[in-house]
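S.K.: This is run-v4.pdb (PDB, C-alpha atoms).
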ATOM      1  CA  MET F  19     -96.421   8.355 -30.470
ATOM      2  CA  LEU F  20     -96.396   6.558 -33.781
ATOM      3  CA  ILE F  21     -93.037   5.782 -35.317
ATOM      4  CA  ILE F  22     -92.963   4.891 -39.033
ATOM      5  CA  THR F  23     -89.987   3.979 -41.160
ATOM      6  CA  ARG F  24     -89.916   5.591 -44.606
ATOM      7  CA  LYS F  25     -87.387   5.524 -47.393
ATOM      8  CA  LYS F  26     -86.418   8.410 -49.604
ATOM      9  CA  GLY F  27     -89.280   9.297 -51.941
ATOM     10  CA  GLU F  28     -91.902   7.559 -49.806
ATOM     11  CA  SER F  29     -94.800   9.399 -48.229
ATOM     12  CA  LEU F  30     -97.317   9.132 -45.483
ATOM     13  CA  MET F  31    -100.767  10.597 -45.076
ATOM     14  CA  ILE F  32    -102.163  12.284 -41.987
ATOM     15  CA  GLY F  33    -105.902  12.196 -42.404
ATOM     16  CA  ASP F  34    -107.153  12.656 -45.970
ATOM     17  CA  ASP F  35    -105.467  15.868 -46.892
ATOM     18  CA  ILE F  36    -102.029  16.088 -45.327
ATOM     19  CA  GLU F  37     -99.233  14.359 -47.170
ATOM     20  CA  ILE F  38     -95.673  14.196 -45.944
ATOM     21  CA  THR F  39     -92.938  13.068 -48.294
ATOM     22  CA  ILE F  40     -89.331  12.303 -47.444
ATOM     23  CA  SER F  41     -87.563  14.053 -50.285
ATOM     24  CA  LYS F  42     -83.920  13.923 -49.304
ATOM     25  CA  ILE F  43     -81.853  12.168 -46.677
ATOM     26  CA  ASP F  44     -78.446  13.576 -46.053
ATOM     27  CA  ASP F  45     -76.009  12.881 -43.262
ATOM     28  CA  GLY F  46     -78.067  13.606 -40.166
ATOM     29  CA  SER F  47     -80.802  15.708 -41.751
ATOM     30  CA  VAL F  48     -83.885  14.980 -43.808
ATOM     31  CA  LYS F  49     -85.723  17.190 -46.216
ATOM     32  CA  ILE F  50     -89.458  16.806 -45.892
ATOM     33  CA  GLY F  51     -92.130  17.920 -48.331
ATOM     34  CA  ILE F  52     -95.510  18.723 -46.845
ATOM     35  CA  VAL F  53     -98.751  19.123 -48.735
ATOM     36  CA  ALA F  54    -101.500  20.417 -46.466
ATOM     37  CA  PRO F  55    -104.569  22.653 -46.651
ATOM     38  CA  LYS F  56    -103.801  26.355 -46.415
ATOM     39  CA  SER F  57    -105.677  26.575 -43.139
ATOM     40  CA  ILE F  58    -103.074  24.419 -41.404
ATOM     41  CA  ASN F  59    -100.175  26.218 -39.868
ATOM     42  CA  ILE F  60     -96.792  24.534 -40.213
ATOM     43  CA  LEU F  61     -93.887  25.841 -38.188
ATOM     44  CA  ARG F  62     -90.566  24.578 -36.983
ATOM     45  CA  LYS F  63     -90.905  23.621 -33.343
ATOM     46  CA  GLU F  64     -87.994  25.827 -32.238
ATOM     47  CA  LEU F  65     -90.104  28.843 -33.123
ATOM     48  CA  TYR F  66     -92.850  27.734 -30.761
ATOM     49  CA  GLU F  67     -90.324  27.098 -28.035
ATOM     50  CA  GLN F  68     -88.677  30.483 -28.513
ATOM     51  CA  VAL F  69     -91.973  32.339 -28.242
ATOM     52  CA  GLU F  70     -93.009  30.249 -25.243
ATOM     53  CA  LYS F  71     -89.743  31.051 -23.509
ATOM     54  CA  GLU F  72     -90.036  34.750 -24.344
ATOM     55  CA  ASN F  73     -93.576  34.851 -22.938
ATOM     56  CA  LYS F  74     -92.239  33.467 -19.680
ATOM     57  CA  MET F  75     -89.446  36.015 -19.594
ATOM     58  CA  ALA F  76     -91.877  38.839 -20.311
ATOM     59  CA  MET F  77     -93.757  37.906 -17.155
ATOM     60  CA  ASN F  78     -90.978  39.234 -14.945
ATOM     61  CA  ILE F  79     -92.315  42.710 -14.527
ATOM     62  CA  ASN F  80     -90.611  45.535 -12.705
ATOM     63  CA  MET F  81     -92.314  48.791 -13.557
ATOM     64  CA  ASP F  82     -89.297  50.879 -12.590
ATOM     65  CA  LEU F  83     -87.415  49.471 -15.553
ATOM     66  CA  LEU F  84     -89.973  50.935 -17.940
ATOM     67  CA  LYS F  85     -89.594  54.496 -16.831
ATOM     68  CA  GLY F  86     -86.771  55.564 -19.102
ATOM     69  CA  ILE F  87     -88.269  54.159 -22.280
ATOM     70  CA  LYS F  88     -89.854  56.605 -24.646
ATOM     71  CA  LYS F  89     -90.934  55.913 -28.149
ATOM     72  CA  LYS F  90     -88.691  57.092 -30.919
TER
ATOM     73  CA  MET Q   1    -115.200  44.955 -11.954
ATOM     74  CA  LYS Q   2    -111.974  44.494 -10.072
ATOM     75  CA  PHE Q   3    -109.130  42.057 -10.298
ATOM     76  CA  ILE Q   4    -106.275  41.958  -7.822
ATOM     77  CA  SER Q   5    -102.981  41.271  -9.530
ATOM     78  CA  LYS Q   6     -99.910  40.185  -7.608
ATOM     79  CA  ILE Q   7     -97.880  42.209 -10.104
ATOM     80  CA  HIS Q   8     -99.836  45.398 -10.387
ATOM     81  CA  GLY Q   9    -102.365  45.519  -7.565
ATOM     82  CA  GLU Q  10    -105.930  46.429  -8.339
ATOM     83  CA  ILE Q  11    -106.999  46.412 -11.973
ATOM     84  CA  GLU Q  12    -110.380  47.857 -12.854
ATOM     85  CA  TYR Q  13    -112.130  46.595 -15.938
ATOM     86  CA  LYS Q  14    -115.510  46.345 -17.538
ATOM     87  CA  GLU Q  15    -117.130  43.074 -18.462
ATOM     88  CA  ASN Q  16    -117.152  44.060 -22.147
ATOM     89  CA  GLU Q  17    -113.379  44.582 -22.096
ATOM     90  CA  VAL Q  18    -112.568  40.976 -21.269
ATOM     91  CA  LEU Q  19    -110.511  39.363 -24.029
ATOM     92  CA  THR Q  20    -111.011  35.713 -24.891
ATOM     93  CA  PHE Q  21    -108.015  33.672 -26.008
ATOM     94  CA  ASN Q  22    -109.424  30.271 -26.896
ATOM     95  CA  LYS Q  23    -105.932  28.836 -27.375
ATOM     96  CA  GLY Q  24    -104.416  30.711 -24.448
ATOM     97  CA  ILE Q  25    -100.973  32.100 -25.139
ATOM     98  CA  LEU Q  26     -97.897  30.003 -25.829
ATOM     99  CA  GLY Q  27     -96.677  28.372 -22.651
ATOM    100  CA  PHE Q  28     -99.961  29.196 -20.891
ATOM    101  CA  THR Q  29    -102.536  27.486 -23.047
ATOM    102  CA  ASN Q  30    -104.837  26.928 -20.066
ATOM    103  CA  LEU Q  31    -105.428  30.668 -19.587
ATOM    104  CA  LYS Q  32    -108.251  31.991 -21.767
ATOM    105  CA  LYS Q  33    -109.368  35.289 -20.246
ATOM    106  CA  PHE Q  34    -107.239  38.411 -20.313
ATOM    107  CA  ILE Q  35    -107.573  42.118 -19.841
ATOM    108  CA  LEU Q  36    -105.616  44.908 -21.506
ATOM    109  CA  SER Q  37    -105.187  47.780 -19.156
ATOM    110  CA  ASP Q  38    -103.688  51.241 -19.718
ATOM    111  CA  LEU Q  39    -100.595  52.237 -17.784
ATOM    112  CA  LYS Q  40    -101.064  55.972 -17.700
ATOM    113  CA  GLU Q  41     -97.629  56.834 -16.398
ATOM    114  CA  TYR Q  42     -95.924  54.496 -18.794
ATOM    115  CA  GLU Q  43     -97.543  55.236 -22.126
ATOM    116  CA  PRO Q  44     -97.489  53.790 -24.738
ATOM    117  CA  PHE Q  45     -97.100  50.604 -22.724
ATOM    118  CA  LYS Q  46    -100.057  48.601 -21.480
ATOM    119  CA  LEU Q  47    -100.502  45.727 -19.102
ATOM    120  CA  PHE Q  48    -101.834  42.473 -20.538
ATOM    121  CA  HIS Q  49    -103.022  40.413 -17.593
ATOM    122  CA  SER Q  50    -104.666  37.055 -17.087
ATOM    123  CA  LEU Q  51    -107.982  37.157 -15.240
ATOM    124  CA  GLU Q  52    -107.483  33.558 -14.179
ATOM    125  CA  ASP Q  53    -104.038  33.759 -12.624
ATOM    126  CA  ASP Q  54    -103.042  36.732 -10.491
ATOM    127  CA  GLU Q  55     -99.339  36.211 -11.200
ATOM    128  CA  ILE Q  56     -99.519  36.125 -14.986
ATOM    129  CA  GLY Q  57     -99.186  39.443 -16.720
ATOM    130  CA  MET Q  58     -96.964  41.057 -19.308
ATOM    131  CA  ILE Q  59     -96.121  44.537 -20.465
ATOM    132  CA  VAL Q  60     -97.212  44.987 -24.062
ATOM    133  CA  VAL Q  61     -96.945  47.735 -26.622
ATOM    134  CA  SER Q  62     -98.134  48.487 -30.102
ATOM    135  CA  PRO Q  63     -95.067  47.496 -32.134
ATOM    136  CA  TYR Q  64     -95.801  50.390 -34.507
ATOM    137  CA  GLU Q  65     -94.773  52.833 -31.786
ATOM    138  CA  PHE Q  66     -91.219  51.601 -32.218
ATOM    139  CA  TYR Q  67     -91.207  49.786 -35.533
ATOM    140  CA  GLY Q  68     -93.254  51.771 -38.029
ATOM    141  CA  ASN Q  69     -92.548  49.307 -40.826
ATOM    142  CA  TYR Q  70     -93.605  46.212 -38.930
ATOM    143  CA  GLU Q  71     -95.663  43.883 -41.090
ATOM    144  CA  VAL Q  72     -97.841  40.971 -40.133
ATOM    145  CA  LYS Q  73     -99.578  38.827 -42.695
ATOM    146  CA  LEU Q  74    -102.595  37.207 -41.086
ATOM    147  CA  SER Q  75    -103.184  33.635 -42.216
ATOM    148  CA  ASP Q  76    -106.603  32.343 -43.209
ATOM    149  CA  GLU Q  77    -106.426  30.307 -40.015
ATOM    150  CA  ILE Q  78    -106.202  33.317 -37.707
ATOM    151  CA  ILE Q  79    -108.762  35.267 -39.732
ATOM    152  CA  ASN Q  80    -111.165  32.369 -39.209
ATOM    153  CA  HIS Q  81    -110.347  31.824 -35.553
ATOM    154  CA  LEU Q  82    -110.941  35.465 -34.674
ATOM    155  CA  SER Q  83    -113.784  35.994 -37.196
ATOM    156  CA  ILE Q  84    -111.965  38.980 -38.669
ATOM    157  CA  LYS Q  85    -114.011  40.751 -41.327
ATOM    158  CA  SER Q  86    -111.964  43.875 -41.971
ATOM    159  CA  PRO Q  87    -108.485  45.212 -41.155
ATOM    160  CA  GLU Q  88    -109.896  47.994 -38.959
ATOM    161  CA  GLU Q  89    -110.999  45.396 -36.417
ATOM    162  CA  VAL Q  90    -107.487  44.165 -35.875
ATOM    163  CA  MET Q  91    -105.249  45.307 -33.063
ATOM    164  CA  ILE Q  92    -101.682  44.056 -32.830
ATOM    165  CA  ILE Q  93     -99.598  44.148 -29.673
ATOM    166  CA  THR Q  94     -96.245  42.651 -28.820
ATOM    167  CA  THR Q  95     -94.892  41.623 -25.446
ATOM    168  CA  VAL Q  96     -92.055  43.486 -23.772
ATOM    169  CA  THR Q  97     -89.217  41.780 -21.922
ATOM    170  CA  LEU Q  98     -87.679  44.090 -19.357
ATOM    171  CA  SER Q  99     -84.072  44.392 -18.304
ATOM    172  CA  SER Q 100     -82.146  46.600 -15.936
ATOM    173  CA  ASP Q 101     -80.080  47.642 -18.961
ATOM    174  CA  PRO Q 102     -82.410  49.799 -21.106
ATOM    175  CA  LYS Q 103     -80.617  48.652 -24.251
ATOM    176  CA  LYS Q 104     -81.651  45.117 -23.426
ATOM    177  CA  ILE Q 105     -85.342  45.882 -23.134
ATOM    178  CA  THR Q 106     -86.857  44.010 -26.042
ATOM    179  CA  THR Q 107     -90.152  43.298 -27.703
ATOM    180  CA  ASN Q 108     -91.184  40.056 -29.338
ATOM    181  CA  LEU Q 109     -91.894  40.832 -32.983
ATOM    182  CA  GLN Q 110     -91.927  37.142 -33.832
ATOM    183  CA  GLY Q 111     -94.854  36.279 -31.573
ATOM    184  CA  PRO Q 112     -97.366  39.130 -31.852
ATOM    185  CA  ILE Q 113    -100.738  39.022 -30.143
ATOM    186  CA  ILE Q 114    -103.631  39.619 -32.502
ATOM    187  CA  ILE Q 115    -106.922  40.917 -31.117
ATOM    188  CA  ASN Q 116    -110.225  41.467 -32.884
ATOM    189  CA  ASN Q 117    -111.576  44.680 -31.331
ATOM    190  CA  LEU Q 118    -115.137  43.905 -32.327
ATOM    191  CA  ASN Q 119    -115.559  40.566 -30.607
ATOM    192  CA  ASN Q 120    -112.602  40.740 -28.172
ATOM    193  CA  MET Q 121    -111.150  37.475 -29.386
ATOM    194  CA  GLY Q 122    -107.399  37.132 -29.437
ATOM    195  CA  GLU Q 123    -104.603  34.782 -30.333
ATOM    196  CA  GLN Q 124    -100.839  34.831 -30.276
ATOM    197  CA  ILE Q 125     -99.332  33.921 -33.616
ATOM    198  CA  ILE Q 126     -95.825  33.069 -34.742
ATOM    199  CA  ILE Q 127     -94.237  34.799 -37.688
ATOM    200  CA  ASP Q 128     -91.794  32.675 -39.632
ATOM    201  CA  ASN Q 129     -89.736  35.488 -41.084
ATOM    202  CA  GLU Q 130     -86.093  35.985 -40.295
ATOM    203  CA  LYS Q 131     -86.615  39.752 -40.375
ATOM    204  CA  TYR Q 132     -88.290  39.570 -36.981
ATOM    205  CA  ASN Q 133     -86.857  38.314 -33.748
ATOM    206  CA  VAL Q 134     -88.269  37.331 -30.357
ATOM    207  CA  LYS Q 135     -85.860  39.862 -28.842
ATOM    208  CA  GLU Q 136     -85.995  43.067 -30.816
ATOM    209  CA  PRO Q 137     -84.511  46.002 -28.860
ATOM    210  CA  LEU Q 138     -86.960  48.857 -28.262
ATOM    211  CA  LEU Q 139     -84.191  51.417 -28.177
ATOM    212  CA  LYS Q 140     -81.962  51.500 -31.184
ATOM    213  CA  GLU Q 141     -78.620  53.098 -30.863
TER
END
Would you write out, as structure tokens, the structure that this file holds?

M.R.:
Amino acid sequence: MLIITRKKGESLMIGDDIEITISKIDDGSVKIGIVAPKSINILRKELYEQVEKENKMAMNINMDLLKGIKKK
Amino acid sequence: MKFISKIHGEIEYKENEVLTFNKGILGFTNLKKFILSDLKEYEPFKLFHSLEDDEIGMIVVSPYEFYGNYEVKLSDEIINHLSIKSPEEVMIITTVTLSSDPKKITTNLQGPIIINNLNNMGEQIIIDNEKYNVKEPLLKE
């Protein structure tokens, strides 16, 4: 992992077309501006983790529990 | 062809029904081949099962069966990955998390599975929209 120190207003480049700018630093949180091609998906990591966790939970299958469910 | 699942026993499928998930699904990125199999006694639910791991399967459903207004905006990225040419090719399913309390049976509207019916390629995407939750109850009171 690469660790870089940046000050407010400074940026870094990832490859030629992704630019990350530190726009605000405030008591334990930073605001980050990202300029990237539209084809690149940017998501908060918690979302990934939530979906990963839900996938694992969905793998506990007991068919009996499905019986009472009918669509609206 | 036949696949023996530890969850559901024998699953019959045809070679041309095999779904390819090049990125796997979240948490199981090593699994690339899946099958979607009807559960006749449990319609509209289906079984989404790995063909590479006999313990990995999930109940899935078309979210529109329960949430008629559900909306997914496909990014350019997913349209490219799955070579989607027109909306008719697209099938959307969401996973179901079971519970012994029917009110706690939920579906994951935040992480839908997108499948291109024409080429059988699929991918799970994440929707960053606070309207949709990973645990959306199927039965509303």

S.K.: Could you tell me, as a ChimeraX atom specification, exactly which residues end up selected when the PyMOL selection byres ((chain F and resi 78) around 10) is applied to this structure?

M.R.: /F:73-77,79-81 /Q:7,55-59,96-99

S.K.: Report as a list in words the residues that result from applying the PyMOL selection byres ((chain F and resi 42-59) around 10) to the structure here.

M.R.: Lys25, Lys26, Gly27, Ser29, Leu30, Met31, Ile32, Asp34, Asp35, Ile36, Glu37, Ile38, Thr39, Ile40, Ser41, Ile60 and Leu61 of chain F; Ser75, Asp76, Glu77, Ile78, Ile79, Asn80, Ile125 and Ile126 of chain Q

S.K.: Have a look at CA of Asp54 in chain Q and CA of Thr95 in chain Q and let me know their distance in Å, one decimal.

M.R.: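 Spanning CA of Asp54 in chain Q to CA of Thr95 in chain Q is a straight-line distance of 17.7 Å.
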
S.K.: Go through Q:Gly122, Q:Gly9, Q:Pro44, Q:Gly24 one by one, measure the shortest atom-to-atom distance of each to chain F using only C-alpha atoms, and give the residue with the smallest value.

M.R.: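 Distance minimum relative to chain F lands on Q:Pro44.
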
S.K.: Could you state the separation of CA of Asn108 in chain Q and CA of Glu72 in chain F in Å, given to one decimal place?

M.R.: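 Result for CA of Asn108 in chain Q versus CA of Glu72 in chain F: 7.4 Å, one decimal.
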
S.K.: May I have the residues within 10 Å of Ile87 in chain F as a ChimeraX atom specification, using all atoms listed in the file and disregarding those fewer than 3 positions away in the same chain?

M.R.: /F:83-84,90 /Q:42-45,102-103,105,138-139

S.K.: Please determine an axis-aligned box that encloses all atoms of range 66-77 of chain Q listed in the file, with 6 Å added on each side, and express its centre and edge lengths in Å to one decimal as JSON.

M.R.:
{"center_x": -98.9, "center_y": 41.0, "center_z": -37.7, "size_x": 27.4, "size_y": 33.5, "size_z": 23.0}

S.K.: Which value, in Å to one decimal, gives the distance between CA of Phe3 in chain Q and CA of Thr20 in chain Q?

M.R.: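 So the two atoms, CA of Phe3 in chain Q and CA of Thr20 in chain Q, lie 16.0 Å apart.
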
S.K.: Looking at all atoms listed in the file, which of Q:Ile113, Q:Ile11, Q:Met121, Q:Ile84 is the one that sits closest to chain F?

M.R.: Q:Ile113

S.K.: Where does the PyMOL selection byres ((chain Q and resi 28-31) around 10) land in this file, that is, which residues does it pick, as a ChimeraX atom specification?

M.R.: /F:70,73-74 /Q:20-27,32-34,50-53,56

S.K.: So that I can check the surroundings of Pro63 in chain Q, please list as an MDAnalysis selection string every protein, DNA and RNA residue that reaches within 7 Å of it, counting all atoms listed in the file and ignoring chain neighbours fewer than 3 positions away.

M.R.: chainID Q and resid 66:67 93:94

S.K.: Could you check which of Q:Glu17, Q:Leu74, Q:Glu12, Q:Pro137 is closest to Asp101 in chain Q, using all atoms listed in the file?

M.R.: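 Answer, going by the shortest atom-to-atom distance: Q:Pro137.
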
S.K.: With distances taken over only C-alpha atoms, which of Q:Leu39, Q:Leu19, Q:Ile127, Q:Leu47 is nearest to Tyr70 in chain Q?

M.R.: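 Using only C-alpha atoms, the shortest distance to Tyr70 in chain Q belongs to Q:Ile127.
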
S.K.: Using all atoms listed in the file, which of Q:Ile4, Q:Leu36, Q:Val61, Q:Val90 sits nearest chain F?

M.R.: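 Counting all atoms listed in the file, the residue closest to chain F is Q:Val61.
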
S.K.: Pick out the closest residue to chain F from this set: Q:Val134, Q:Ile35, Q:Met91, Q:Val18. Count all atoms listed in the file.

M.R.: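 Once distances to chain F are computed over all atoms listed in the file, the minimum belongs to Q:Val134.
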